[in-house]
Number of protein chains: 4
Amino acid sequence: MAINGYGTIGKRVADAVSMQDDMEVIGVAKRSPTFEAFMAMEKGYPFYAPAESIHGLESAGIKVEGTVEEMLERADIVVDATSKSPYLDVYDKFGIKAIWQGGEKHEIAGTSFSSIANYEEAWGKDRVRVVSCNTTGLIRTLYPLHKEIGIDNVLAVMVRRAADPGDSKKGPINAIEPVLKVPSHHGPDVQSVMPYLNIQTTAVKVPTTIMHMHSVVVKLKKEIDEDSVLDIWSKYPRIILLSSANGIKSTAQIMEMARGFGRPYSDLYEIAVWKDGVHVVGDTLYYYQAIHQESDVIPENIDAIRSMTEMMPKEESMEKTDKALGIRKTL
Amino acid sequence: MAINGYGTIGKRVADAVSMQDDMEVIGVAKRSPTFEAFMAMEKGYPFYAPAESIHGLESAGIKVEGTVEEMLERADIVVDATSKSPYLDVYDKFGIKAIWQGGEKHEIAGTSFSSIANYEEAWGKDRVRVVSCNTTGLIRTLYPLHKEIGIDNVLAVMVRRAADPGDSKKGPINAIEPVLKVPSHHGPDVQSVMPYLNIQTTAVKVPTTIMHMHSVVVKLKKEIDEDSVLDIWSKYPRIILLSSANGIKSTAQIMEMARGFGRPYSDLYEIAVWKDGVHVVGDTLYYYQAIHQESDVIPENIDAIRSMTEMMPKEESMEKTDKALGIRKTL
Amino acid sequence: MAINGYGTIGKRVADAVSMQDDMEVIGVAKRSPTFEAFMAMEKGYPFYAPAESIHGLESAGIKVEGTVEEMLERADIVVDATSKSPYLDVYDKFGIKAIWQGGEKHEIAGTSFSSIANYEEAWGKDRVRVVSCNTTGLIRTLYPLHKEIGIDNVLAVMVRRAADPGDSKKGPINAIEPVLKVPSHHGPDVQSVMPYLNIQTTAVKVPTTIMHMHSVVVKLKKEIDEDSVLDIWSKYPRIILLSSANGIKSTAQIMEMARGFGRPYSDLYEIAVWKDGVHVVGDTLYYYQAIHQESDVIPENIDAIRSMTEMMPKEESMEKTDKALGIRKTL
Amino acid sequence: MAINGYGTIGKRVADAVSMQDDMEVIGVAKRSPTFEAFMAMEKGYPFYAPAESIHGLESAGIKVEGTVEEMLERADIVVDATSKSPYLDVYDKFGIKAIWQGGEKHEIAGTSFSSIANYEEAWGKDRVRVVSCNTTGLIRTLYPLHKEIGIDNVLAVMVRRAADPGDSKKGPINAIEPVLKVPSHHGPDVQSVMPYLNIQTTAVKVPTTIMHMHSVVVKLKKEIDEDSVLDIWSKYPRIILLSSANGIKSTAQIMEMARGFGRPYSDLYEIAVWKDGVHVVGDTLYYYQAIHQESDVIPENIDAIRSMTEMMPKEESMEKTDKALGIRKTL
């Protein structure tokens, strides 16, 4: 497989693919000679680039194997992690399967994907869009509730990090900015995977870089206690249950914990849910979850490759991915 | 009237009282010779202090008129803006009426107060607690909806500033911290004034100093459109309706606008609601409001004085306060 | 006089001019119907705009008196506070005197201005550039040292706020960014006013909005103790001497103090120097100063008007300005 | 060897020791059942605790091997990474060699240590203090200049991160705080290792968590150009030379680059110097360096163990450490 765009998502997909024993990175493509380009080269990923960028990259010391088009010729599937991807027609021309990221619209692929909810829907497809970090986070915890209990409706308020850790341009430095379009696009985006879910979302942007936080309120179809909810989540993959009793009081400690896991980029693939932040009042469930915006979609990208290329069924793929990436269920 | 505690709230109450023509600051009390003590002296407020602090204050150059007790003897009502006030028994002993702030529990006063919702309840009372900035903010926009339309239930997610602008100790610098006790105390606190309101709240703390932001979801008793909601709010006091069309996209621009109003401390006494953030889906109303945590309770403190001392009825007091403070309804 | 550009600097110059008894705002010009445009209208400043913006402004509810050119016709001097001003030729055409801000290069005016150091140099000139906030801050404290003691050389490290309080776009949120061009442009900029000064500067950008901080190291021409330095500064205008003993430990408390001064926009026109941060080792003086980037150049703009229009000599103008603006020397 | 205190420094020393082939972690000690305690257990480090903390730890699910004293009995050297260590007498009683961290005073050990500058001074010693992150950073780049060129004097202004990434309590959120004691303690601290160096330092605290930044000005004993300086640094260990041409414009991109190195905790052991931030004016050298405050002292802790236990000479130890930790000289 090939990776077009080697930034926040692309570099992580490359490493995650390398950690699987049933797929291989045949190349990564990137435009500019940033530190990330040098790291790609050092990791041994064959480096490709748009024709017009090759000269600049080589002058800067990057060894370029060929054009993006040459990379596409050599692969059977491409993960597109460019921003505002202009490659739709190119992929079509090369007849290569393509995975898009959540920054693109549903319509680009026709199939929006989140492993736990609709792995089968991507089976054999040529184009699939892995939904965004926030949408992936919502589906990870909501799908089990839908499946095991039944959901009447959901309200999620997303408190979003304003920039990624490696970004020093974007602000705000000291403000909160609401997403005035209400309900925000996140609700419909969840419905692109779970069309049967009644969900509304609002969002505000805050001056932090490390994680999003969701305050989620779910009206369930039956009354159930906190322990039963935690029990359900503990049986589903890619949710990590944490407790403030272990000093985890904010997103700062969650990501500090993740650094101890020893993963590439100190990532947290799991959605983090505070056990002591889960409360049920009547038939209404309240919980907080924290989303590592840079990495939670990485396992989904791996599964999407397997589903689109008809390699193995859902449970098998998810387990294989999670084992390879060292995904956990608790601290 | 006297003010015990001359910090964030105390200094604002002092100035606001000075701006009324029917009440007078006979003294302010403070413990330590901070810049705020010097400003109090410069503004001509007679300065009092706990006996044990007088020496230290005078050495630092503050002229002290007497002890807190002496101040209490000279006043008929005291606004307590100390933190974790230890003065309950002292006020009782001096037979002085006392107003507490929202940091104290309802029980200290027995009456929690928010002008628009229960001015009459404080009438002639000896002890009243003005509810906190967040609670005041919720009541300002919810009471009109309750009164004019009827509310089935409310969910408010409060995205809270972690420290005030003048505070350089508290963090976080780069994290989001949830209030794990769900529903948070803000719901019951609103009910201390509006016991008939079905409200649940959750809260997260974020790295900003200037304002809180609320994402509020109200299930109304009947369907109504956005314009009608805005129309209701425009008729109630202490709500300012803003639009992103005027460049107001975040709390940064709101407070920048407030600096242009020329008020003491560049305060925003009004609750700021984005007109273009108001949306109705069926019978459910979504809106964002921003709360200037340092000052929104100031008008309520003035009204509380009038109600407790039986000076005038609600509408008259609120109008008088708002005129004196220059409170607005629009940009 | 007229003000072209009604943003951070323009709106402050307008208010400061209004506070003088020997000059008058005949108009302000602005492009877009932001909240600041509405505030200008409310304050009664005749509102002008580039011809192509008038329709948009009026649709938004702003009453426009005429074009920028019409405003220029009616004034004898214009303060240009636009960003990347394109008006040089226009002012020439109208034969109007013009004051530029520090964002423009020295060459646009030929005369760079800082009241205390070279008021006389602007006398009768047609074009003058008031130097930037950082440069103004350096000159305010260095000129007295130069004059009273003599300076061998200066090193200043400027720790710069990354965005203004009303700006929610610019970051970084969590990073420090050096200005890699060393020495930074600030040194030469000081020399545009004090060409005889041997000064080098470096700069880093940090995630704060409220003030710049300078760590300044001055090799003096003779040994002198801390008290004598403070004594000198206390005799020069627009320097405010503060102490951590009054709880002023960071820029947070400085700006909180300024809010208590009751000025427009809660500004601090003075350069703030920590008395207990002043240290002398041999012939080397170390001090920290904090700069309110939004407002410290405002008094200089007023003085520049007087010098260019030959209204009165330096000391008289500076005193008049300072009295009108309520400028202080201590807490 | 044993590690007393398993927080920011302790956990890193444990992993770094495990990565060497000539030393072994026989135990780590910690008081409270935080996530870090669980990670220690998971990594297989025998877990010890103060006697009074054992019950609490075991109730929380941590398997405790014994008391701190029992750990000390089993080791020949202990790295103390507690805060405000109360263990001086205990180590004496057990006759165990002890390494202290830079938070302690020089006097606790009598020998302050930085590998490149005074490895030999720690040879066979019973107590050594590895200097702080900032001091280590200064010595790494200054010692080569001293050795290869000669230094007349140094001024360093340290722009310090206010809290670590895993800390959500400390601020400021939006302020700059100067260290008013000037020169700051950092200068004398450098001199505890390089007593012959003429250095003055000042410091300010800023709202960031990821790195410190130093603006350093060195008066050299002879004139030399930028390339020669870079050439010297490239020959000395634990300095990484970076360029803004690779998109590294701030500490954000440096730490993002480090995440790609795949080290424990995404650490950057090297001192990062911008090649394009190095400038020479006459005999004066200006440069910026960025310090990963959590990890730059880790290699020094390893070397200190080897020197104190007389395992091998300086160059051999430093090379061995650097190879084991994967320390780099360039991107």
# chains A, B, ... in the order shown; residues from 1 in each chain; ligands from 1

$ closest_atom_pairs --of "chain B" --to "chain A" --cutoff "6 Å" --atoms "only C-alpha atoms" --output "Markdown table"
| residue | atom | partner | partner_atom | distance |
| --- | --- | --- | --- | --- |
| B:Asn174 | CA | A:Thr208 | CA | 4.9 |
| B:Ala175 | CA | A:Ala252 | CA | 5.2 |
| B:Ile176 | CA | A:Thr251 | CA | 5.5 |
| B:Glu177 | CA | A:Ser250 | CA | 4.2 |
| B:Leu180 | CA | A:Gly277 | CA | 4.4 |
| B:Thr208 | CA | A:Asn174 | CA | 4.9 |
| B:Ser250 | CA | A:Glu177 | CA | 4.2 |
| B:Thr251 | CA | A:Ala175 | CA | 5.3 |
| B:Ala252 | CA | A:Ala175 | CA | 5.2 |
| B:Gly277 | CA | A:Leu180 | CA | 4.4 |

$ residues_around --residues "Gln101 in chain A" --least-positions-apart "6" --cutoff "8 Å" --atoms "only C-alpha atoms" --output "VMD selection string"
chain A and resid 80 to 81 129 to 132

$ closest_residue --among "A:Ala245, A:Ala163, A:Ile224, A:Ile271" --to "Leu57 in chain D" --atoms "only C-alpha atoms"
A:Ala245

$ atom_distance --atom1 "CA of Asn4 in chain C" --atom2 "CA of Ile54 in chain C"
14.6 Å

$ residues_around --residues "Gly124 in chain C" --least-positions-apart "2" --cutoff "7 Å" --atoms "only C-alpha atoms" --output "short mmCIF file (atom, residue, chain, number, x, y, z; two decimals) with all heavy atoms, in the first residue's frame"
data_model
loop_
_atom_site.label_atom_id
_atom_site.label_comp_id
_atom_site.auth_asym_id
_atom_site.auth_seq_id
_atom_site.Cartn_x
_atom_site.Cartn_y
_atom_site.Cartn_z
N ALA C 122 10.95 66.08 15.20
CA ALA C 122 9.71 66.02 14.41
C ALA C 122 9.11 67.39 14.17
O ALA C 122 8.11 67.54 13.46
CB ALA C 122 8.69 65.13 15.14
N ASP C 126 6.49 66.90 7.96
CA ASP C 126 5.26 66.46 7.32
C ASP C 126 4.96 64.98 7.56
O ASP C 126 3.82 64.54 7.48
CB ASP C 126 5.34 66.71 5.81
CG ASP C 126 5.13 68.19 5.48
OD1 ASP C 126 4.53 68.90 6.34
OD2 ASP C 126 5.60 68.63 4.42
N SER C 307 4.30 68.23 17.94
CA SER C 307 5.61 68.62 17.41
C SER C 307 5.50 68.93 15.92
O SER C 307 6.00 69.95 15.44
CB SER C 307 6.63 67.51 17.67
OG SER C 307 7.90 67.88 17.20
N MET C 308 4.80 68.08 15.19
CA MET C 308 4.69 68.28 13.74
C MET C 308 3.93 69.56 13.40
O MET C 308 4.19 70.19 12.37
CB MET C 308 4.01 67.07 13.10
CG MET C 308 4.86 65.79 13.19
SD MET C 308 3.90 64.31 12.76
CE MET C 308 3.70 64.52 10.99
N THR C 309 2.97 69.89 14.26
CA THR C 309 2.19 71.10 13.98
C THR C 309 2.71 72.29 14.79
O THR C 309 2.04 73.33 14.87
CB THR C 309 0.69 70.86 14.28
OG1 THR C 309 0.58 70.43 15.64
CG2 THR C 309 0.12 69.80 13.39
N GLU C 310 3.89 72.10 15.39
CA GLU C 310 4.59 73.20 16.10
C GLU C 310 3.71 73.88 17.13
O GLU C 310 3.67 75.12 17.24
CB GLU C 310 5.12 74.21 15.06
CG GLU C 310 5.98 73.54 14.00
CD GLU C 310 6.58 74.51 12.99
OE1 GLU C 310 6.25 75.70 13.04
OE2 GLU C 310 7.42 74.05 12.18
#

$ select_by_dssp --residues "range 16-261 of chain A" --states "strand (DSSP E or B)" --output "ChimeraX atom specification"
/A:27-29,47-49,66-67,77-80,97-100,112-113,127-130,151-161,170,177-178,199-206,212-220,239-242

$ residues_around --residues "Glu270 in chain B" --least-positions-apart "6" --cutoff "8 Å" --atoms "only C-alpha atoms" --output "list in words"
Arg238, Ile239, Ile240, Ile291, His292, Asp296, Ile327, Arg328 and Lys329 of chain B

$ residues_around --residues "Gly66 in chain C" --least-positions-apart "2" --cutoff "12 Å" --atoms "only C-alpha atoms" --output "list in words"
Gly27, Val28, Ala29, Lys30, Pro46, Phe47, Tyr48, Ala49, Pro50, Ala51, Glu52, Ser53, Ile54, His55, Leu57, Glu58, Ile62, Lys63, Val64, Val68, Glu69, Glu70, Met71, Leu72, Glu73 and Arg74 of chain C

$ write_last_selection --atoms "N, CA and C atoms" --output "PDB file, in the first residue's frame"
ATOM      1  N   GLY C  27     -12.503  62.904  12.141  1.00  0.00           N
ATOM      2  CA  GLY C  27     -13.046  61.704  11.510  1.00  0.00           C
ATOM      3  C   GLY C  27     -12.153  60.502  11.711  1.00  0.00           C
ATOM      4  N   VAL C  28     -12.779  59.336  11.631  1.00  0.00           N
ATOM      5  CA  VAL C  28     -12.014  58.087  11.643  1.00  0.00           C
ATOM      6  C   VAL C  28     -12.458  57.287  10.431  1.00  0.00           C
ATOM      7  N   ALA C  29     -11.511  56.520   9.868  1.00  0.00           N
ATOM      8  CA  ALA C  29     -11.864  55.732   8.695  1.00  0.00           C
ATOM      9  C   ALA C  29     -11.608  54.253   8.947  1.00  0.00           C
ATOM     10  N   LYS C  30     -12.477  53.429   8.430  1.00  0.00           N
ATOM     11  CA  LYS C  30     -12.398  51.989   8.648  1.00  0.00           C
ATOM     12  C   LYS C  30     -13.137  51.285   7.530  1.00  0.00           C
ATOM     13  N   PRO C  46     -17.046  61.066  13.491  1.00  0.00           N
ATOM     14  CA  PRO C  46     -17.522  60.992  12.099  1.00  0.00           C
ATOM     15  C   PRO C  46     -16.811  59.832  11.396  1.00  0.00           C
ATOM     16  N   PHE C  47     -17.581  59.023  10.697  1.00  0.00           N
ATOM     17  CA  PHE C  47     -17.058  57.763  10.163  1.00  0.00           C
ATOM     18  C   PHE C  47     -16.871  57.865   8.650  1.00  0.00           C
ATOM     19  N   TYR C  48     -15.679  57.587   8.203  1.00  0.00           N
ATOM     20  CA  TYR C  48     -15.351  57.601   6.781  1.00  0.00           C
ATOM     21  C   TYR C  48     -14.867  56.216   6.370  1.00  0.00           C
ATOM     22  N   ALA C  49     -14.819  55.991   5.051  1.00  0.00           N
ATOM     23  CA  ALA C  49     -14.398  54.674   4.592  1.00  0.00           C
ATOM     24  C   ALA C  49     -13.883  54.761   3.169  1.00  0.00           C
ATOM     25  N   PRO C  50     -13.069  53.789   2.784  1.00  0.00           N
ATOM     26  CA  PRO C  50     -12.712  53.702   1.367  1.00  0.00           C
ATOM     27  C   PRO C  50     -13.999  53.584   0.551  1.00  0.00           C
ATOM     28  N   ALA C  51     -14.041  54.252  -0.579  1.00  0.00           N
ATOM     29  CA  ALA C  51     -15.264  54.296  -1.380  1.00  0.00           C
ATOM     30  C   ALA C  51     -15.895  52.916  -1.564  1.00  0.00           C
ATOM     31  N   GLU C  52     -15.056  51.929  -1.851  1.00  0.00           N
ATOM     32  CA  GLU C  52     -15.595  50.603  -2.174  1.00  0.00           C
ATOM     33  C   GLU C  52     -16.185  49.893  -0.941  1.00  0.00           C
ATOM     34  N   SER C  53     -15.913  50.389   0.246  1.00  0.00           N
ATOM     35  CA  SER C  53     -16.429  49.727   1.448  1.00  0.00           C
ATOM     36  C   SER C  53     -17.706  50.361   1.974  1.00  0.00           C
ATOM     37  N   ILE C  54     -18.058  51.519   1.420  1.00  0.00           N
ATOM     38  CA  ILE C  54     -19.167  52.276   2.011  1.00  0.00           C
ATOM     39  C   ILE C  54     -20.475  51.504   1.970  1.00  0.00           C
ATOM     40  N   HIS C  55     -20.749  50.877   0.836  1.00  0.00           N
ATOM     41  CA  HIS C  55     -22.014  50.160   0.721  1.00  0.00           C
ATOM     42  C   HIS C  55     -22.131  49.064   1.789  1.00  0.00           C
ATOM     43  N   LEU C  57     -20.618  48.793   4.642  1.00  0.00           N
ATOM     44  CA  LEU C  57     -20.741  49.354   5.980  1.00  0.00           C
ATOM     45  C   LEU C  57     -22.154  49.841   6.243  1.00  0.00           C
ATOM     46  N   GLU C  58     -22.703  50.538   5.242  1.00  0.00           N
ATOM     47  CA  GLU C  58     -24.042  51.090   5.448  1.00  0.00           C
ATOM     48  C   GLU C  58     -25.100  49.994   5.534  1.00  0.00           C
ATOM     49  N   ILE C  62     -23.839  51.002   9.651  1.00  0.00           N
ATOM     50  CA  ILE C  62     -22.907  52.077   9.992  1.00  0.00           C
ATOM     51  C   ILE C  62     -23.232  53.309   9.140  1.00  0.00           C
ATOM     52  N   LYS C  63     -23.317  54.462   9.781  1.00  0.00           N
ATOM     53  CA  LYS C  63     -23.552  55.698   9.037  1.00  0.00           C
ATOM     54  C   LYS C  63     -22.204  56.254   8.594  1.00  0.00           C
ATOM     55  N   VAL C  64     -21.998  56.322   7.276  1.00  0.00           N
ATOM     56  CA  VAL C  64     -20.710  56.749   6.744  1.00  0.00           C
ATOM     57  C   VAL C  64     -20.808  58.195   6.233  1.00  0.00           C
ATOM     58  N   VAL C  68     -12.508  58.208   2.508  1.00  0.00           N
ATOM     59  CA  VAL C  68     -11.265  58.535   3.192  1.00  0.00           C
ATOM     60  C   VAL C  68     -10.719  59.855   2.643  1.00  0.00           C
ATOM     61  N   GLU C  69     -10.813  60.034   1.331  1.00  0.00           N
ATOM     62  CA  GLU C  69     -10.290  61.245   0.730  1.00  0.00           C
ATOM     63  C   GLU C  69     -11.027  62.480   1.260  1.00  0.00           C
ATOM     64  N   GLU C  70     -12.328  62.352   1.412  1.00  0.00           N
ATOM     65  CA  GLU C  70     -13.086  63.483   1.959  1.00  0.00           C
ATOM     66  C   GLU C  70     -12.640  63.786   3.389  1.00  0.00           C
ATOM     67  N   MET C  71     -12.357  62.757   4.130  1.00  0.00           N
ATOM     68  CA  MET C  71     -11.857  62.976   5.493  1.00  0.00           C
ATOM     69  C   MET C  71     -10.515  63.704   5.455  1.00  0.00           C
ATOM     70  N   LEU C  72      -9.650  63.269   4.552  1.00  0.00           N
ATOM     71  CA  LEU C  72      -8.319  63.869   4.486  1.00  0.00           C
ATOM     72  C   LEU C  72      -8.397  65.349   4.120  1.00  0.00           C
ATOM     73  N   GLU C  73      -9.362  65.676   3.286  1.00  0.00           N
ATOM     74  CA  GLU C  73      -9.545  67.082   2.906  1.00  0.00           C
ATOM     75  C   GLU C  73      -9.876  67.970   4.098  1.00  0.00           C
ATOM     76  N   ARG C  74     -10.571  67.360   5.060  1.00  0.00           N
ATOM     77  CA  ARG C  74     -11.065  68.165   6.178  1.00  0.00           C
ATOM     78  C   ARG C  74     -10.073  68.256   7.344  1.00  0.00           C
TER      79      ARG C  74
END

$ atom_distance --atom1 "CA of Ser317 in chain A" --atom2 "CA of Ser18 in chain A"
15.3 Å

$ atom_distance --atom1 "CA of Pro264 in chain D" --atom2 "CA of Arg31 in chain D"
22.7 Å

$ residues_around --residues "Ile99 in chain C" --least-positions-apart "4" --cutoff "10 Å" --atoms "only C-alpha atoms" --output "PyMOL selection string"
chain C and resi 3+77-81+109+111-113+125-130+301+304-305+308

$ write_last_selection --atoms "N, CA and C atoms" --output "CSV table (one decimal), in the first residue's frame"
chain,number,residue,atom,x,y,z
C,3,ILE,N,-8.1,60.0,11.7
C,3,ILE,CA,-7.5,58.7,12.0
C,3,ILE,C,-7.9,57.7,10.9
C,77,ILE,N,-3.9,67.0,9.7
C,77,ILE,CA,-2.9,65.9,10.0
C,77,ILE,C,-3.7,64.6,10.2
C,78,VAL,N,-3.1,63.5,9.7
C,78,VAL,CA,-3.7,62.2,9.8
C,78,VAL,C,-2.8,61.2,10.6
C,79,VAL,N,-3.4,60.5,11.5
C,79,VAL,CA,-2.7,59.4,12.1
C,79,VAL,C,-3.0,58.1,11.3
C,80,ASP,N,-2.0,57.5,10.7
C,80,ASP,CA,-2.3,56.3,9.9
C,80,ASP,C,-2.1,55.1,10.8
C,81,ALA,N,-3.2,54.4,11.0
C,81,ALA,CA,-3.1,53.2,11.9
C,81,ALA,C,-3.6,52.0,11.1
C,109,ALA,N,8.8,57.5,6.5
C,109,ALA,CA,8.6,58.9,7.0
C,109,ALA,C,10.0,59.6,7.0
C,111,THR,N,11.6,60.2,9.5
C,111,THR,CA,11.8,60.6,10.9
C,111,THR,C,11.1,59.6,11.8
C,112,SER,N,11.9,58.9,12.7
C,112,SER,CA,11.3,58.0,13.6
C,112,SER,C,11.2,58.8,15.0
C,113,PHE,N,10.2,58.5,15.7
C,113,PHE,CA,9.9,59.4,16.8
C,113,PHE,C,9.6,58.7,18.1
C,125,LYS,N,7.7,68.8,10.9
C,125,LYS,CA,7.8,67.8,9.8
C,125,LYS,C,6.5,67.4,9.2
C,126,ASP,N,6.5,66.9,8.0
C,126,ASP,CA,5.3,66.5,7.3
C,126,ASP,C,5.0,65.0,7.6
C,127,ARG,N,6.1,64.2,7.7
C,127,ARG,CA,5.9,62.8,8.0
C,127,ARG,C,6.7,62.3,9.1
C,128,VAL,N,6.1,61.7,10.0
C,128,VAL,CA,6.8,61.1,11.2
C,128,VAL,C,6.3,59.7,11.5
C,129,ARG,N,7.2,58.9,11.9
C,129,ARG,CA,6.8,57.5,12.3
C,129,ARG,C,7.0,57.4,13.8
C,130,VAL,N,5.9,57.1,14.5
C,130,VAL,CA,6.1,56.7,15.9
C,130,VAL,C,6.6,55.3,16.0
C,301,ASN,N,2.0,59.3,20.1
C,301,ASN,CA,1.2,59.8,18.9
C,301,ASN,C,0.7,61.2,19.2
C,304,ALA,N,3.6,63.6,19.0
C,304,ALA,CA,4.0,63.8,17.6
C,304,ALA,C,3.1,64.8,16.8
C,305,ILE,N,1.8,64.7,17.1
C,305,ILE,CA,0.9,65.7,16.5
C,305,ILE,C,1.4,67.1,16.9
C,308,MET,N,4.8,68.1,15.2
C,308,MET,CA,4.7,68.3,13.7
C,308,MET,C,3.9,69.6,13.4

$ closest_residue --among "C:Glu120, C:Asp152, C:Asp267, C:Glu104" --to "Asp303 in chain C" --atoms "only C-alpha atoms"
C:Glu120

$ select_by_dssp --residues "range 199-245 of chain A" --states "alpha helix (DSSP H)" --output "PDB file with N, CA, C and O atoms, in the first residue's frame"
ATOM      1  N   GLU A 226     -24.371   2.372  36.289  1.00  0.00           N
ATOM      2  CA  GLU A 226     -23.044   2.747  35.792  1.00  0.00           C
ATOM      3  C   GLU A 226     -22.164   1.522  35.541  1.00  0.00           C
ATOM      4  O   GLU A 226     -21.466   1.435  34.522  1.00  0.00           O
ATOM      5  N   ASP A 227     -22.182   0.578  36.494  1.00  0.00           N
ATOM      6  CA  ASP A 227     -21.310  -0.589  36.351  1.00  0.00           C
ATOM      7  C   ASP A 227     -21.623  -1.381  35.092  1.00  0.00           C
ATOM      8  O   ASP A 227     -20.730  -1.904  34.428  1.00  0.00           O
ATOM      9  N   SER A 228     -22.897  -1.466  34.762  1.00  0.00           N
ATOM     10  CA  SER A 228     -23.266  -2.217  33.557  1.00  0.00           C
ATOM     11  C   SER A 228     -22.756  -1.511  32.305  1.00  0.00           C
ATOM     12  O   SER A 228     -22.310  -2.148  31.351  1.00  0.00           O
ATOM     13  N   VAL A 229     -22.808  -0.200  32.324  1.00  0.00           N
ATOM     14  CA  VAL A 229     -22.286   0.554  31.174  1.00  0.00           C
ATOM     15  C   VAL A 229     -20.781   0.309  31.043  1.00  0.00           C
ATOM     16  O   VAL A 229     -20.270   0.006  29.957  1.00  0.00           O
ATOM     17  N   LEU A 230     -20.074   0.399  32.162  1.00  0.00           N
ATOM     18  CA  LEU A 230     -18.626   0.175  32.132  1.00  0.00           C
ATOM     19  C   LEU A 230     -18.323  -1.247  31.683  1.00  0.00           C
ATOM     20  O   LEU A 230     -17.370  -1.495  30.945  1.00  0.00           O
ATOM     21  N   ASP A 231     -19.148  -2.166  32.117  1.00  0.00           N
ATOM     22  CA  ASP A 231     -18.976  -3.557  31.747  1.00  0.00           C
ATOM     23  C   ASP A 231     -19.120  -3.747  30.229  1.00  0.00           C
ATOM     24  O   ASP A 231     -18.336  -4.451  29.600  1.00  0.00           O
ATOM     25  N   ILE A 232     -20.092  -3.102  29.664  1.00  0.00           N
ATOM     26  CA  ILE A 232     -20.268  -3.174  28.200  1.00  0.00           C
ATOM     27  C   ILE A 232     -19.030  -2.610  27.497  1.00  0.00           C
ATOM     28  O   ILE A 232     -18.446  -3.248  26.632  1.00  0.00           O
ATOM     29  N   TRP A 233     -18.623  -1.409  27.900  1.00  0.00           N
ATOM     30  CA  TRP A 233     -17.477  -0.792  27.236  1.00  0.00           C
ATOM     31  C   TRP A 233     -16.210  -1.638  27.387  1.00  0.00           C
ATOM     32  O   TRP A 233     -15.382  -1.681  26.485  1.00  0.00           O
ATOM     33  N   SER A 234     -16.080  -2.314  28.531  1.00  0.00           N
ATOM     34  CA  SER A 234     -14.856  -3.095  28.747  1.00  0.00           C
ATOM     35  C   SER A 234     -14.803  -4.295  27.808  1.00  0.00           C
ATOM     36  O   SER A 234     -13.756  -4.885  27.593  1.00  0.00           O
ATOM     37  N   LYS A 235     -15.941  -4.643  27.223  1.00  0.00           N
ATOM     38  CA  LYS A 235     -15.977  -5.777  26.293  1.00  0.00           C
ATOM     39  C   LYS A 235     -15.791  -5.343  24.849  1.00  0.00           C
ATOM     40  O   LYS A 235     -15.658  -6.170  23.962  1.00  0.00           O
TER      41      LYS A 235
END

$ closest_residue --among "A:Val193, A:Met318, A:Met257, A:Met1" --to "Glu36 in chain D" --atoms "only C-alpha atoms"
A:Met257

$ residues_around --residues "Asp189 in chain C" --least-positions-apart "2" --cutoff "10 Å" --atoms "only C-alpha atoms" --output "VMD selection string"
chain C and resid 102 105 to 106 112 131 to 132 134 to 136 184 to 187 191 to 195 199
